[in-house]
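Below is one structure, written out as structure tokens, with a few remarks after it.
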Amino acid sequence: MQEPFDLLIRRATLFDGTGAARRIADVAVRGGRIAEISADPLPADCASRVIEADGLWLTPGFIDIHTHYDAELLLAPGLHESVRHGVTTCLVGSCSISMIYCDAEDASDIFTRVESIPREFVLPALQKIKTWNDAAGYIAHLKSLPLGPNIASYMGHSDLRTAVMGLARAVDPKARPTEAEMQTMERHLNEGIDQGLLGLSGMTNPWDKVDGDRYRSAALPSVYAQWREYRRLHRLLRKRGAILQSAPNLNNPVNALFYLFTSAGLAMRRSLKTTLITLMDVKAKPGLDRIVSAGTGFFNRCLDADFRWQALPQPFQVYADGIDFIIFEEFPAGEAALHLKRDFDRNKLFADPVYRARFKAEYRRKWGGRVWHRDFGDAHVIGCPDPALVGKTIKQIADARGEHEVNTFLDLIIEYGRSLRWSTLIANHDPARVAANLNKDCAIIGFSDAGAHLRNMAFYNFGICLLQLAAQDVPIMTPEKAVWRLTGEIADWYGIDAGKIVPGARADMVLIDPDALEKADVGRYAEARFEALGGLLRVVNRHDGVVKAVIINGNIAFENDLPADGLGSAPVFGRFLPRSWPTER
């Protein structure tokens with residue numbers, strides 16, 4: 001007699017993640033794998049647990065290609081906010097920041113300010129937990145955690161560089177790694193690839209800053225590397241068939257061309273899989289996304305590149321408490337304010353007429369590297385001790401006072417500090433441009449930044465947002481293509497065991513109510529307390545009723561908008577996913 005299935009999902013509308021047409025099927029799970037897919041109904045008594053899914057969509061679990069969950073994994077490994085929206089696999093170690101090689105303080109300092117996570121929680125956690133200093137030890141720790149989603153990881157170049165050179169030299173613009181240090185970095189990278197890491201993540205944008213007191217406001221260590229250092233590491237990645245993830249220098253957009261040429265095979269070498277952030281229609285740079293996608297398409301088609309821009313399927317709406325947001329790192333006056341820790345020192349700076357004149361000049365400057373549109377007429381107050389200000393733009397408040405908007409903004413911060421909460425839309429404001437970018441072959445769907453900027457943004461539900469765009473009256477693509485872009489396409493490009501519902505595949509799946517999906521307000525603002533960070537209120541996504549169940553490793557992790565009892569405490573859900581490496585040549 002056949003052993004019973006652990007789980008049976010009956011009469012679901014199946015999207016298998018390959019791009020194939022949807023079909024009605026029963027899907028049976030045994031031992032964490034897809035055991036059978038049947039067009040004919042299977043008997044309910046053949047499984048320990050049955051979910052009746054008539055009228056529901058069944059898709060592979062979504063893959064979040066860009067997160068900064070490195071710290072949250074140590075504190076709350078269930079990663080509830082992603083799992084509740086159908087994410088069953090997360091990639092960590094992005095943007096040169098991993099927690100593999102550095103000691104606790106260095107790892108904290110290159111992470112917390114960049115990703116806007118309170119250092120007072122991250123540093124003690126690292127000091128208590130971090131006992132490893134290599135890839136094998138880090139992966140062993142991941143395997144010991146009661147993970148919610150599956151985890152795959154990059155090795156961060158800032159982490160690697162700091163561990164080998166020391167943080168002082170790693171952020172010294174004049175310091176260069178010795179030959180022995182370069183060989184050590186190459187050895188560590190090789191070992192990490194052997195252990196199953198995805199590859200290397202880097203950073204060339206100088207806006208991301210180091211935290212702490214020792215080297216505060218230095219750029220991330222990866223930024224200080226010269227291209228000859230990058231080329232050596234990239235050569236190793238190319239040889240091993242590994243992946244490069246990074247961010248271009250936004251002060252010098254030509255820098256992106258180096259990444260395109262790095263990816264290109266040029267008919268004489270293996271192409272290097274390269275992914276950069278991000279393909280968006282940015283208000284500050286109208287039309288740049290068209291130029292970027294056209295150029296990337298040429299490199300991919302004609303120069304044998306394998307290059308993907310990460311793309312987000314929703315408006316890039318952001319929030320700030322006072323001046324606490326990374327967009328102010330774009331220009332020196334903002335950086336000077338964020339360098340200061342104490343409100344007293346910041347307020348003294350804000351009141352200085354010379355500082356205000358400098359801020360205004362940089363605020364007006366429209367050329368050069370920037371992501372923020374620098375328009376306080378497009379910055380709405382959403383929270384303030386003075387309720388009369390809520391709903392108004394900073395400029396409207398300034399006009400009523402007969403002042404310059406910068407003076408008003410700084411006055412409001414002096415008066416209300418972080419209690420002045422405001423919001424603006426930075427990118428993806430034109431639905432037509434969003435649709436065009438999401439359909440580009442050079443795009444790969446992702447860039448949620450989950451686990452970072454907890455008070456500033458929330459894109460945990462990016463998968464649901466794309467499916468809604470594919471299910472609307474005038475869809476931007478078919479639902480089959482949308483599911484493939486969120487699952488199978490990503491899994492194949494990254495070489496991980498995820499993203500498909502086929503016999504023998506991992507049983508990581510999502511059940512979705514298409515009627516609720518069509519009606520959901522996916523952009524609604526919501527907050528939730530994060531107890532692992534002292535009850536911090538973080539921005540989240542909430543549209544209950546859309547995701548009916550999330551299955552990870554064959555076990556139900558979320559059902560009817562509630563987490564399973566063991567999510568984040570029982571080791572029955574997520575796994576560390578090593579990358580499958582192609583044959584070297």
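Lettering and numbering for the structure tokens are positional, with chains as A, B, ... in the shown order, residues counted from 1 in each chain, and ligands counted from 1 in the shown order.
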
Let's see if you can do this: from backbone DSSP, list all strand (DSSP E or B) residues in stretch 24-166 of chain A, as a VMD selection string. chain A and resid 24 to 30 33 to 38 47 50 to 52 57 to 60 62 to 64 67 87 to 92 150 to 153 155 to 156

Written selection (C-alpha atoms) as an mmCIF file, in the first residue's frame:
```cif
data_model
loop_
_atom_site.group_PDB
_atom_site.id
_atom_site.type_symbol
_atom_site.label_atom_id
_atom_site.label_comp_id
_atom_site.auth_asym_id
_atom_site.auth_seq_id
_atom_site.Cartn_x
_atom_site.Cartn_y
_atom_site.Cartn_z
ATOM 1 C CA ILE A 24 -6.684 22.475 -13.161
ATOM 2 C CA ALA A 25 -4.780 19.883 -11.138
ATOM 3 C CA ASP A 26 -4.328 18.143 -7.820
ATOM 4 C CA VAL A 27 -0.849 18.529 -6.325
ATOM 5 C CA ALA A 28 0.390 16.045 -3.746
ATOM 6 C CA VAL A 29 3.384 16.522 -1.446
ATOM 7 C CA ARG A 30 5.508 13.983 0.369
ATOM 8 C CA ARG A 33 8.806 17.511 -2.441
ATOM 9 C CA ILE A 34 6.156 17.474 -5.138
ATOM 10 C CA ALA A 35 5.188 13.803 -5.287
ATOM 11 C CA GLU A 36 2.418 13.898 -7.893
ATOM 12 C CA ILE A 37 0.539 16.288 -10.149
ATOM 13 C CA SER A 38 -2.721 14.864 -11.407
ATOM 14 C CA ALA A 47 -3.228 12.496 2.360
ATOM 15 C CA VAL A 50 -6.096 18.254 2.372
ATOM 16 C CA ILE A 51 -6.673 21.799 1.099
ATOM 17 C CA GLU A 52 -9.666 22.270 -1.166
ATOM 18 C CA TRP A 57 -4.430 29.910 -8.013
ATOM 19 C CA LEU A 58 -1.519 27.691 -7.010
ATOM 20 C CA THR A 59 1.898 29.078 -7.890
ATOM 21 C CA PRO A 60 5.457 28.354 -6.883
ATOM 22 C CA PHE A 62 8.024 33.820 -4.923
ATOM 23 C CA ILE A 63 11.772 34.459 -4.873
ATOM 24 C CA ASP A 64 12.957 37.758 -3.388
ATOM 25 C CA THR A 67 16.913 41.648 0.649
ATOM 26 C CA VAL A 87 7.844 34.713 -0.563
ATOM 27 C CA THR A 88 9.419 31.322 0.074
ATOM 28 C CA THR A 89 13.043 32.080 -0.896
ATOM 29 C CA CYS A 90 15.139 35.147 -0.007
ATOM 30 C CA LEU A 91 18.603 36.171 -1.146
ATOM 31 C CA VAL A 92 20.805 37.908 1.444
ATOM 32 C CA ASN A 150 14.690 29.367 2.170
ATOM 33 C CA ILE A 151 17.881 31.424 2.157
ATOM 34 C CA ALA A 152 20.570 31.819 -0.481
ATOM 35 C CA SER A 153 23.464 34.218 0.048
ATOM 36 C CA MET A 155 29.514 37.021 -0.151
ATOM 37 C CA GLY A 156 29.744 40.791 0.375
#
```

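Around A:Ala470, within 12 Å and counting only C-alpha atoms, the residues found are Pro313, Ala435, Leu438, Asn439, Gly463, Ile464, Cys465, Leu466, Leu467, Gln468, Gln472, Asp473, Val474, Pro475, Ile476, Met477, Thr478, Pro479, Glu480, Lys481, Ala482, Val483, Trp484, Arg485, Leu486, Pro514, Leu517 and Glu518 of chain A, once anything fewer than 2 positions away on its own chain is removed.
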
Please, could you write that set of residues out with C-alpha atoms as a PDB file, in the first residue's frame?
```pdb
ATOM      1  CA  PRO A 313       6.484  46.287  -9.932  1.00  0.00           C
ATOM      2  CA  ALA A 435       4.726  48.056 -17.463  1.00  0.00           C
ATOM      3  CA  LEU A 438       8.711  44.868 -16.232  1.00  0.00           C
ATOM      4  CA  ASN A 439       8.459  43.357 -19.706  1.00  0.00           C
ATOM      5  CA  GLY A 463       4.921  39.425  -6.057  1.00  0.00           C
ATOM      6  CA  ILE A 464       1.272  40.146  -5.320  1.00  0.00           C
ATOM      7  CA  CYS A 465       1.651  43.553  -6.978  1.00  0.00           C
ATOM      8  CA  LEU A 466       2.938  42.018 -10.211  1.00  0.00           C
ATOM      9  CA  LEU A 467       0.186  39.404 -10.250  1.00  0.00           C
ATOM     10  CA  GLN A 468      -2.419  42.121  -9.776  1.00  0.00           C
ATOM     11  CA  GLN A 472      -6.305  43.587 -14.305  1.00  0.00           C
ATOM     12  CA  ASP A 473      -8.687  44.349 -17.186  1.00  0.00           C
ATOM     13  CA  VAL A 474      -5.815  45.537 -19.368  1.00  0.00           C
ATOM     14  CA  PRO A 475      -2.988  43.286 -18.150  1.00  0.00           C
ATOM     15  CA  ILE A 476       0.658  44.243 -18.556  1.00  0.00           C
ATOM     16  CA  MET A 477       1.463  40.567 -19.250  1.00  0.00           C
ATOM     17  CA  THR A 478      -0.278  37.232 -18.897  1.00  0.00           C
ATOM     18  CA  PRO A 479      -0.570  35.750 -15.399  1.00  0.00           C
ATOM     19  CA  GLU A 480       1.483  32.785 -16.645  1.00  0.00           C
ATOM     20  CA  LYS A 481       4.323  35.098 -17.611  1.00  0.00           C
ATOM     21  CA  ALA A 482       4.050  37.038 -14.358  1.00  0.00           C
ATOM     22  CA  VAL A 483       4.321  33.839 -12.302  1.00  0.00           C
ATOM     23  CA  TRP A 484       7.294  32.703 -14.387  1.00  0.00           C
ATOM     24  CA  ARG A 485       9.033  36.050 -13.911  1.00  0.00           C
ATOM     25  CA  LEU A 486       8.563  35.784 -10.144  1.00  0.00           C
ATOM     26  CA  PRO A 514      -7.796  35.728  -7.684  1.00  0.00           C
ATOM     27  CA  LEU A 517      -6.306  39.816  -5.708  1.00  0.00           C
ATOM     28  CA  GLU A 518      -8.261  41.878  -8.197  1.00  0.00           C
TER      29      GLU A 518
END
```

Quick one: residues within 12 Å of stretch 241-243 of chain A, only C-alpha atoms, excluding same-chain residues fewer than 5 positions away - as JSON, numbers by chain? {"A": [94, 153, 154, 155, 156, 189, 190, 192, 193, 194, 196, 197, 198, 199, 200, 201, 202, 233, 234, 235, 236, 262, 263, 269, 270, 271, 272, 273, 274, 275, 276, 306, 307, 308, 493, 494, 495, 496, 578, 579, 580, 581, 582, 583, 584, 585]}

Could you name the residues that touch A:Gly334 at 8 Å or less, counting only C-alpha atoms, but leaving out those on the same chain fewer than 5 positions away, as a VMD selection string? chain A and resid 328 to 329 359

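Compared by their closest atoms to A:Leu410, and using only C-alpha atoms, the residues A:Val371, A:Ala337, A:Ile139, A:Val390 rank with A:Ala337 nearest.
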
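Interatomic distance, atom CA of A:Ile426 against atom CA of A:Asn300: 28.2 Å.
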
Given only C-alpha atoms as the counted atoms, nearest of A:Leu75, A:Gly148, A:Ile501, A:Leu8 to A:Pro124: A:Leu75

Would you please give, as a PyMOL selection string, all residues of stretch 311-494 of chain A that DSSP assigns to helix (DSSP H, G or I) based on the backbone? chain A and resi 326-330+332-339+343-351+353-364+376-378+387-389+394-401+405-419+431-438+462-471+479-486+488-494
